[in-house]
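A short worksheet on the structure shown next.
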Amino acid sequence: MKHLLVLRHAKSSWDDPKLEDFDRPLAPRGLKTAPLMGRELSRRGWLPDLALVSPALRTRDTWRLVAQELPKHVPAEFAEELYEAAPAAILARVRQAKAKSLIVIGHNPGLQNFALRLAGAGSDADVFKKIEAKFPTAALVRFTVKDDWANLDFGDARLTHCVRPKDLG
C-alpha cells in the first residue's frame with residue numbers, strides 16, 4: 001500500500017505588490033502553520049519518503065518548515081511543472097515518483113481539483129465534502145493507493161483524511 005499526502009502551501013504574503021507571484025514569501029501566519037503541519041505529520045507517523053515541491057518560494061519555504069519537524073531527512077524534488085499546475089500535470093509528475101510514501105506541495109486551484117479527482121471508491125465522503133467546500137492554505141489530505149504510481153489515474157485512490165491548521169489549534 002502506498003500513501004500520498006497532498007499539502008497546499010502555507011499562507012503567503014501579499015505585502016510587496018512589486019514581487020512576482022513566484023517570489024512571494026510566507027506570511028507570518030504561514031510561518032506558524034507550516035511547522036505545525038510538520039509536527040502533525042510526525043505525530044501521526046505519516047512520513048513521506050519523497051517530497052515533490054513546486055519551486056515557488058512559498059512552497060519551498062513551506063516544505064523547509066515542514067521538513068524541519070520530521071524525524072528523518074526526506075529528499076525533495078523541486079518540479080517546475082508543479083507551479084500552479086492543473087490536475088493532469090500533477091498526476092503526470094506523481095506517476096514518475098520512485099517512493100512508497102509521497103508528499104506533493106503545490107498551489108490551488110490545481111491541488112484541490114487534483115485531490116477531488118483522485119478520490120475514488122472507498123473514499124471518506126465527509127472528508128471529500130470538506131475538501132470540496134474549501135482547501136485552505138496549509139491543508140493536508142491523505143490517500144492510500146494500491147497500485148504503482150506509474151499506473152495511478154483519477155478515481156484510483158482512497159481519500160482517508162483531511163487535516164487543516166484550524167483543526168489542530
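Following the order of the C-alpha cells, first chain is A, next is B, and so on, with residues numbered from 1 inside each chain and ligands from 1 in the order they appear.
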
Quiz item: If you run DSSP on this backbone, which residues of chain A come out as strand (DSSP E), and could you give them as JSON, numbers by chain?
Solution: {"A": [2, 3, 4, 5, 6, 7, 8, 50, 51, 52, 53, 76, 77, 78, 101, 102, 103, 104, 105, 106, 140, 141, 142, 143, 144, 145, 158, 159, 160, 161, 162, 163]}

Self-check item: 7 Å contact set for stretch 68-76 of chain A, only C-alpha atoms, chain neighbours under 4 positions out, as a list in words
Solution: Pro35, Gly38, Arg39, Ser42, Pro48, Asp49, Leu50, Ala51, Leu52, Val53 and Arg64 of chain A

Take the residues just selected and output them with C-alpha atoms as a compact mmCIF listing (two decimals), in the first residue's frame.
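As a result, selection-v1.txt now contains:
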```
# COMPACT_ATOMS: atom_id res chain seq x y z
CA PRO A 35 5.82 23.75 11.23
CA GLY A 38 5.10 19.09 10.05
CA ARG A 39 4.63 18.23 13.73
CA SER A 42 5.33 13.32 12.71
CA PRO A 48 6.97 10.61 3.28
CA ASP A 49 9.95 9.05 1.52
CA LEU A 50 10.00 11.80 -1.11
CA ALA A 51 8.65 15.34 -1.46
CA LEU A 52 7.58 16.76 -4.82
CA VAL A 53 7.52 20.52 -4.40
CA ARG A 64 11.54 23.58 4.58
```

Quiz item: Between A:Leu159, A:Leu118, A:Asn113, A:Pro165, which is the closest to A:Ala133 once you count only C-alpha atoms?
Solution: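 The closest residue to A:Ala133 is A:Asn113.
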
Self-check item: Pick from A:Phe114, A:Thr137, A:Ala121, A:Lys100 nearest to A:Ala27, counting only C-alpha atoms
Solution: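 Result for the nearest residue to A:Ala27: A:Thr137.
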
Self-check item: Counting only C-alpha atoms, the option among A:Ala157, A:Ala139, A:Val163, A:Ala56 closest to A:Gly120
Solution: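 Nearest candidate to A:Gly120 out of A:Ala157, A:Ala139, A:Val163, A:Ala56: A:Ala157.
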
Practice problem: Please provide the set of residues having any atom within 8 Å of stretch 3-20 of chain A, restricted to only C-alpha atoms, with same-chain residues fewer than 3 positions apart removed, written as a VMD selection string. | Solution: chain A and resid 23 to 31 33 to 34 48 58 to 59 62 100 to 108 111 115 135 to 145
